[in-house]
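Chemist: So I've got this file, coords_6.cif, and it contains mmCIF, C-alpha atoms:
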```cif
data_entry
loop_
_atom_site.label_atom_id
_atom_site.label_comp_id
_atom_site.auth_asym_id
_atom_site.auth_seq_id
_atom_site.Cartn_x
_atom_site.Cartn_y
_atom_site.Cartn_z
CA MET A 538 18.64 31.60 -0.03
CA SER A 539 20.86 28.58 0.76
CA LYS A 540 19.30 25.23 1.55
CA THR A 541 19.03 24.03 5.10
CA ALA A 542 20.49 20.69 6.12
CA LEU A 543 16.94 19.42 6.67
CA THR A 544 15.92 20.37 3.13
CA LYS A 545 18.87 18.40 1.77
CA GLU A 546 17.94 15.40 3.91
CA ILE A 547 14.38 15.44 2.56
CA GLU A 548 15.67 15.73 -1.01
CA LYS A 549 17.82 12.66 -0.42
CA ALA A 550 14.91 10.76 1.13
CA LEU A 551 12.68 11.60 -1.85
CA HIS A 552 15.30 10.16 -4.18
CA TYR A 553 14.94 6.79 -2.43
CA TRP A 554 11.15 7.03 -2.15
CA HIS A 555 9.58 4.84 -4.84
CA PRO A 556 5.89 4.06 -4.21
CA THR A 557 4.05 1.72 -6.54
CA ASN A 558 1.34 4.27 -7.27
CA TYR A 559 0.64 7.97 -7.22
CA GLY A 560 -2.83 9.45 -7.18
CA GLY A 561 -4.40 6.13 -8.11
CA PHE A 562 -2.04 5.43 -11.03
CA ARG A 563 0.18 2.35 -10.89
CA VAL A 564 3.67 3.12 -12.13
CA ASP A 565 6.09 0.89 -14.00
CA SER A 566 8.39 -0.14 -11.15
CA PHE A 567 10.89 -1.72 -13.57
CA ARG A 568 11.70 1.68 -15.08
CA ASP A 569 12.79 4.43 -12.73
CA GLY A 570 12.06 7.30 -15.08
CA ILE A 571 13.89 10.59 -14.50
CA GLU A 572 13.90 13.00 -11.58
CA ALA A 573 15.46 16.33 -10.68
CA ILE A 574 15.50 18.96 -7.96
CA GLU A 575 14.81 22.70 -8.34
CA VAL A 576 12.96 22.33 -11.62
CA PRO A 577 11.67 25.50 -13.34
CA VAL A 578 7.94 25.42 -14.02
CA ALA A 579 8.55 27.13 -17.37
CA CYS A 580 11.37 25.61 -19.38
CA GLY A 581 14.31 28.01 -19.62
CA SER A 582 13.01 30.50 -17.05
CA VAL A 583 12.59 30.68 -13.27
CA LYS A 584 10.05 33.50 -13.42
CA ALA A 585 7.09 31.11 -13.20
CA GLY A 586 8.50 29.42 -10.12
CA ILE A 587 10.63 26.40 -9.20
CA VAL A 588 9.44 22.97 -8.03
CA ASP A 589 11.65 21.42 -5.35
CA PHE A 590 11.45 17.84 -6.65
CA VAL A 591 9.95 16.40 -9.85
CA ARG A 592 9.79 12.79 -11.02
CA VAL A 593 8.64 11.65 -14.49
CA GLN A 594 7.62 8.01 -14.90
CA GLU A 595 5.57 5.71 -17.05
CA CYS A 596 2.24 4.62 -15.59
CA PHE A 597 -0.51 2.20 -16.53
CA VAL A 598 -3.74 4.02 -17.35
CA GLN A 599 -5.64 0.99 -18.60
CA GLU A 600 -5.19 -2.74 -18.21
CA GLU A 601 -6.81 -5.55 -20.17
CA LYS A 602 -6.50 -9.04 -18.72
CA TYR A 603 -7.74 -12.28 -20.25
CA GLY A 604 -6.89 -15.98 -20.42
CA ILE A 605 -5.66 -18.11 -23.31
CA CYS A 606 -4.55 -21.69 -23.81
CA LYS A 607 -0.77 -22.02 -23.47
CA LEU A 608 -0.76 -24.48 -26.33
CA LYS A 609 -1.69 -21.76 -28.82
CA GLU A 610 1.95 -20.73 -28.67
CA LYS A 611 3.18 -24.19 -29.73
CA GLY A 612 1.80 -24.22 -33.25
CA ALA A 613 -0.73 -26.51 -34.86
CA ILE A 614 0.38 -29.92 -33.49
CA TYR A 615 -0.52 -30.81 -29.89
CA ASN A 616 0.79 -33.98 -28.21
CA GLU A 617 -0.72 -33.11 -24.83
CA PRO A 618 -4.02 -34.77 -23.84
CA ARG A 619 -7.06 -32.53 -24.21
CA PRO A 620 -8.82 -31.91 -20.86
CA ASP A 621 -12.41 -33.19 -20.83
CA PHE A 622 -13.81 -29.80 -19.86
CA CYS A 623 -11.77 -27.82 -22.42
CA THR A 624 -13.43 -26.04 -25.34
CA THR A 625 -10.49 -23.89 -26.48
CA PHE A 626 -7.64 -26.40 -26.58
CA GLY A 627 -4.80 -24.78 -28.49
CA GLU A 628 -7.09 -22.41 -30.40
CA ALA A 629 -5.50 -19.03 -30.93
CA SER A 630 -8.76 -17.32 -31.85
CA LYS A 631 -10.50 -18.03 -28.52
CA THR A 632 -9.98 -16.84 -24.97
CA CYS A 633 -10.07 -19.25 -22.05
CA SER A 634 -11.77 -18.93 -18.67
CA GLU A 635 -10.57 -22.21 -17.12
CA ARG A 636 -8.11 -20.68 -14.66
CA MET A 637 -7.42 -24.00 -12.88
CA CYS A 638 -6.33 -25.74 -16.08
CA LYS A 639 -2.61 -26.42 -16.35
CA TYR A 640 -2.67 -25.02 -19.89
CA TYR A 641 -4.22 -21.71 -18.78
CA LYS A 642 -2.19 -18.53 -19.21
CA THR A 643 -3.09 -14.95 -18.25
CA ILE A 644 -2.37 -12.26 -20.83
CA HIS A 645 -1.93 -8.61 -19.77
CA ASN A 646 -2.24 -5.76 -22.23
CA TYR A 647 -1.42 -2.31 -20.88
CA THR A 648 -1.96 1.25 -22.06
CA ILE A 649 1.00 3.33 -20.88
CA ASP A 650 1.13 7.09 -20.34
CA THR A 651 3.39 9.67 -18.70
CA LEU A 652 2.99 10.63 -15.04
CA ILE A 653 4.61 13.78 -13.63
CA THR A 654 4.89 14.02 -9.85
CA CYS A 655 5.80 17.32 -8.18
CA VAL A 656 6.84 17.70 -4.54
CA GLU A 657 7.23 20.96 -2.65
CA ILE A 658 9.48 20.71 0.42
CA LYS A 659 8.52 22.76 3.48
CA VAL A 660 10.70 22.57 6.60
CA SER A 661 8.97 25.10 8.87
CA VAL A 662 5.61 26.77 9.40
CA SER A 663 7.00 30.11 8.24
CA ASP A 664 8.36 28.39 5.14
CA PHE A 665 4.92 26.95 4.48
CA HIS A 666 3.30 30.39 4.74
CA SER A 667 5.79 31.90 2.32
CA ASN A 668 4.41 33.02 -1.03
CA HIS A 669 7.06 30.95 -2.78
CA GLY A 670 7.24 27.23 -3.33
CA HIS A 671 3.62 26.24 -3.90
CA ASN A 672 3.94 25.12 -7.51
CA HIS A 673 1.53 22.21 -7.91
CA VAL A 674 1.94 21.78 -11.64
CA GLY A 675 2.22 17.99 -12.04
CA HIS A 676 -0.36 15.27 -12.52
CA CYS A 677 0.26 14.35 -8.88
CA ASN A 678 1.31 16.95 -6.33
CA TYR A 679 2.55 16.69 -2.75
CA TYR A 680 4.03 18.61 0.13
CA ALA A 681 6.95 16.92 1.88
CA ILE A 682 7.24 18.06 5.51
CA PRO A 683 8.99 16.93 8.72
CA ALA A 684 6.88 14.75 11.02
CA ALA A 685 6.86 17.34 13.82
CA MET A 686 5.44 19.95 11.46
CA TYR A 687 2.47 17.90 10.27
CA PRO A 688 -0.01 18.73 13.11
CA LYS A 689 0.66 22.45 12.60
CA VAL A 690 -0.17 22.62 8.89
CA LYS A 691 -2.34 19.59 8.06
CA ASP A 692 -5.57 21.62 8.09
CA LEU A 693 -4.06 24.25 5.79
CA ILE A 694 -3.18 21.90 2.95
CA PRO A 695 -5.77 21.68 0.14
CA GLU A 696 -7.52 18.31 -0.08
CA ASN A 697 -6.25 17.62 -3.59
CA ILE A 698 -2.59 17.95 -2.51
CA GLY A 699 -0.96 14.88 -1.01
CA ILE A 700 1.13 14.91 2.16
CA LEU A 701 4.48 13.16 2.54
CA ILE A 702 6.01 12.89 6.02
CA PHE A 703 9.77 12.86 6.52
CA TYR A 704 10.97 10.87 9.51
CA ASP A 705 14.52 11.51 10.70
CA GLY A 706 14.92 8.28 12.64
CA ASN A 707 14.07 9.73 16.04
CA GLU A 708 10.30 10.27 15.78
CA LYS A 709 8.32 8.54 18.53
CA GLY A 710 11.12 6.10 19.07
CA GLU A 711 10.28 4.28 15.84
CA GLY A 712 13.74 4.66 14.41
CA TYR A 713 12.35 5.01 10.88
CA TYR A 714 14.24 7.18 8.43
CA GLY A 715 12.71 8.28 5.14
CA ILE A 716 9.46 9.29 3.46
CA ARG A 717 6.00 7.92 4.19
CA LYS A 718 2.82 8.94 2.44
CA LYS A 719 0.36 10.39 4.94
CA ARG A 720 -2.33 11.41 2.47
CA GLU A 721 -2.76 10.61 -1.20
CA CYS A 722 -3.18 13.38 -3.73
CA VAL A 723 -5.96 13.78 -6.27
CA ALA A 724 -4.47 13.53 -9.75
CA GLN A 725 -5.15 16.30 -12.24
CA GLU A 726 -4.99 16.47 -16.02
CA LEU A 727 -2.24 18.42 -17.75
CA ALA A 728 -2.32 19.94 -21.20
CA GLU A 729 0.06 18.21 -23.59
CA GLU A 730 2.01 21.43 -24.18
CA LYS A 731 2.54 21.95 -20.44
CA GLN A 732 3.66 18.33 -20.02
CA LYS A 733 6.19 18.69 -22.81
CA TRP A 734 7.94 21.72 -21.37
CA LEU A 735 7.89 20.41 -17.81
CA ILE A 736 9.48 17.14 -18.93
CA MET A 737 12.10 19.15 -20.82
CA SER A 738 12.86 21.12 -17.64
CA VAL A 739 13.31 17.89 -15.66
CA ALA A 740 15.56 16.41 -18.37
CA LYS A 741 17.81 19.49 -18.31
CA ARG A 742 18.16 19.43 -14.54
CA ALA A 743 18.67 15.66 -14.43
CA ALA A 744 21.49 15.95 -16.94
CA LYS A 745 23.26 18.51 -14.74
CA ILE A 746 23.24 16.35 -11.59
CA SER A 747 23.93 12.95 -13.17
#
```
Go through the file and emit its structure as structure tokens.
Modeler:
Amino acid sequence: MSKTALTKEIEKALHYWHPTNYGGFRVDSFRDGIEAIEVPVACGSVKAGIVDFVRVQECFVQEEKYGICKLKEKGAIYNEPRPDFCTTFGEASKTCSERMCKYYKTIHNYTIDTLITCVEIKVSVSDFHSNHGHNHVGHCNYYAIPAAMYPKVKDLIPENIGILIFYDGNEKGEGYYGIRKKRECVAQELAEEKQKWLIMSVAKRAAKIS
């Protein structure tokens, strides 16, 4: 079946949709990752289904934040005056809690992991009720639907699946065009083997459209 013009518009809007987090995970906004449309669930075969839109990004799963003295980076000789309250002046082995000190510096250590986001596009109620196109196989999973369709299907969407609303620029006179997140998804764990093949599927499709 050929794509409708509305489906293509939603695909384009998803391409420009870059939230800072999905399912409670903050993504690395400095690295776009890779994305593709019509991605096979099983690498090399369409028998297991096709996901309309998939994005693979790096995300921060753990963050450690602490303070140090800036002078620890200058070596062993310090010409700056030592603040009266300071107990860690220039010492590399100690952390610092004096946030108001001019020598204070915040250090961030991150643990990074892979986040796979899958979006199924539905442009009509009959499309939504079809047996095809409900492949929620990513860490974070969403339906992307036109704004006018939302009231008709909102109670039918499982609570763990997020809802993305597509606005065509004419809704309620707002003049907004693009994707807005109506409801956040609940992230799920993926087996490492499943992640590997899904990422491979996205990489193959991304290479074809680049």
Chemist: With distances taken over all atoms listed in the file, which of A:Ile547, A:Val723, A:Val598, A:Ile700 is nearest to Asn646 in chain A?
Modeler: A:Val598
Chemist: When you look at His676 in chain A with a cut-off of 10 Å (counting only C-alpha atoms), what residues show up, excluding the ones that are within fewer than 5 positions of it in the same chain? I need them as a ChimeraX atom specification.
Modeler: /A:559-560,593,651-655,722-727,732
Chemist: Which is closest to Asn678 in chain A among A:Lys540, A:Lys718, A:Arg568, A:Lys584, if we use all atoms listed in the file?
Modeler: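 Smallest separation from Asn678 in chain A among the options: A:Lys718.
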Chemist: How would you write, as a PDB file with C-alpha atoms, in the coordinates of the input, the residues chosen by the PyMOL selection byres ((chain A and resi 711-715) around 10) on this structure?
Modeler:
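Saved file expr_26.pdb follows:
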```pdb
ATOM      1  CA  GLU A 546      17.940  15.400   3.910  1.00  0.00           C
ATOM      2  CA  ILE A 547      14.380  15.440   2.560  1.00  0.00           C
ATOM      3  CA  LYS A 549      17.820  12.660  -0.420  1.00  0.00           C
ATOM      4  CA  ALA A 550      14.910  10.760   1.130  1.00  0.00           C
ATOM      5  CA  LEU A 551      12.680  11.600  -1.850  1.00  0.00           C
ATOM      6  CA  HIS A 552      15.300  10.160  -4.180  1.00  0.00           C
ATOM      7  CA  TYR A 553      14.940   6.790  -2.430  1.00  0.00           C
ATOM      8  CA  TRP A 554      11.150   7.030  -2.150  1.00  0.00           C
ATOM      9  CA  LEU A 701       4.480  13.160   2.540  1.00  0.00           C
ATOM     10  CA  ILE A 702       6.010  12.890   6.020  1.00  0.00           C
ATOM     11  CA  PHE A 703       9.770  12.860   6.520  1.00  0.00           C
ATOM     12  CA  TYR A 704      10.970  10.870   9.510  1.00  0.00           C
ATOM     13  CA  ASP A 705      14.520  11.510  10.700  1.00  0.00           C
ATOM     14  CA  GLY A 706      14.920   8.280  12.640  1.00  0.00           C
ATOM     15  CA  ASN A 707      14.070   9.730  16.040  1.00  0.00           C
ATOM     16  CA  GLU A 708      10.300  10.270  15.780  1.00  0.00           C
ATOM     17  CA  LYS A 709       8.320   8.540  18.530  1.00  0.00           C
ATOM     18  CA  GLY A 710      11.120   6.100  19.070  1.00  0.00           C
ATOM     19  CA  ILE A 716       9.460   9.290   3.460  1.00  0.00           C
ATOM     20  CA  ARG A 717       6.000   7.920   4.190  1.00  0.00           C
TER      21      ARG A 717
END
```
Chemist: Name the residues that the PyMOL selection byres ((chain A and resi 733-743) around 9) pulls out of this structure, and write them as number ranges by chain.
Modeler: A: 571-581, 591-593, 653, 674-675, 728-732, 744-747
Chemist: Calculated over all atoms listed in the file, which of the candidates A:Gly670, A:Gly586, A:Gly604, A:Pro556 has the smallest distance to Tyr641 in chain A?
Modeler: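 Closest to Tyr641 in chain A of all the choices is A:Gly604.
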Chemist: On this structure, which residues satisfy the PyMOL selection byres ((chain A and resi 637) around 12), written as number ranges by chain?
Modeler: A: 604, 606, 620, 622-623, 633-636, 638-643
Chemist: Report, in Å with one decimal, the straight-line distance from CA of Thr557 in chain A to CA of His645 in chain A.
Modeler: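 Separating CA of Thr557 in chain A from CA of His645 in chain A is a distance of 17.8 Å.
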Chemist: Excluding Asp650 in chain A and residues on its chain fewer than 6 positions from it, collect all residues at most 7 Å away from it, counting only C-alpha atoms, and give them as number ranges by chain.
Modeler: A: 595-598
Chemist: From the list A:Val656, A:Asp569, A:Gln594, A:Glu600, which residue is nearest Glu548 in chain A when using all atoms listed in the file?
Modeler: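 Closest residue, counting all atoms listed in the file: A:Val656.
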Chemist: In Å, rounded to a single decimal, give me how far CA of Gly699 in chain A is from CA of Gly561 in chain A.
Modeler: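 That distance, rounded to one decimal, is 11.8 Å.
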Chemist: Within 12 Å of Lys691 in chain A, counting all atoms listed in the file, which residues qualify if same-chain residues fewer than 2 places away don't, as number ranges by chain?
Modeler: A: 662, 665, 680-689, 693-696, 698-702, 719-720
Chemist: Would you work out the distance separating CA of Val583 in chain A from CA of His555 in chain A, expressed in Å to one decimal?
Modeler: 27.3 Å
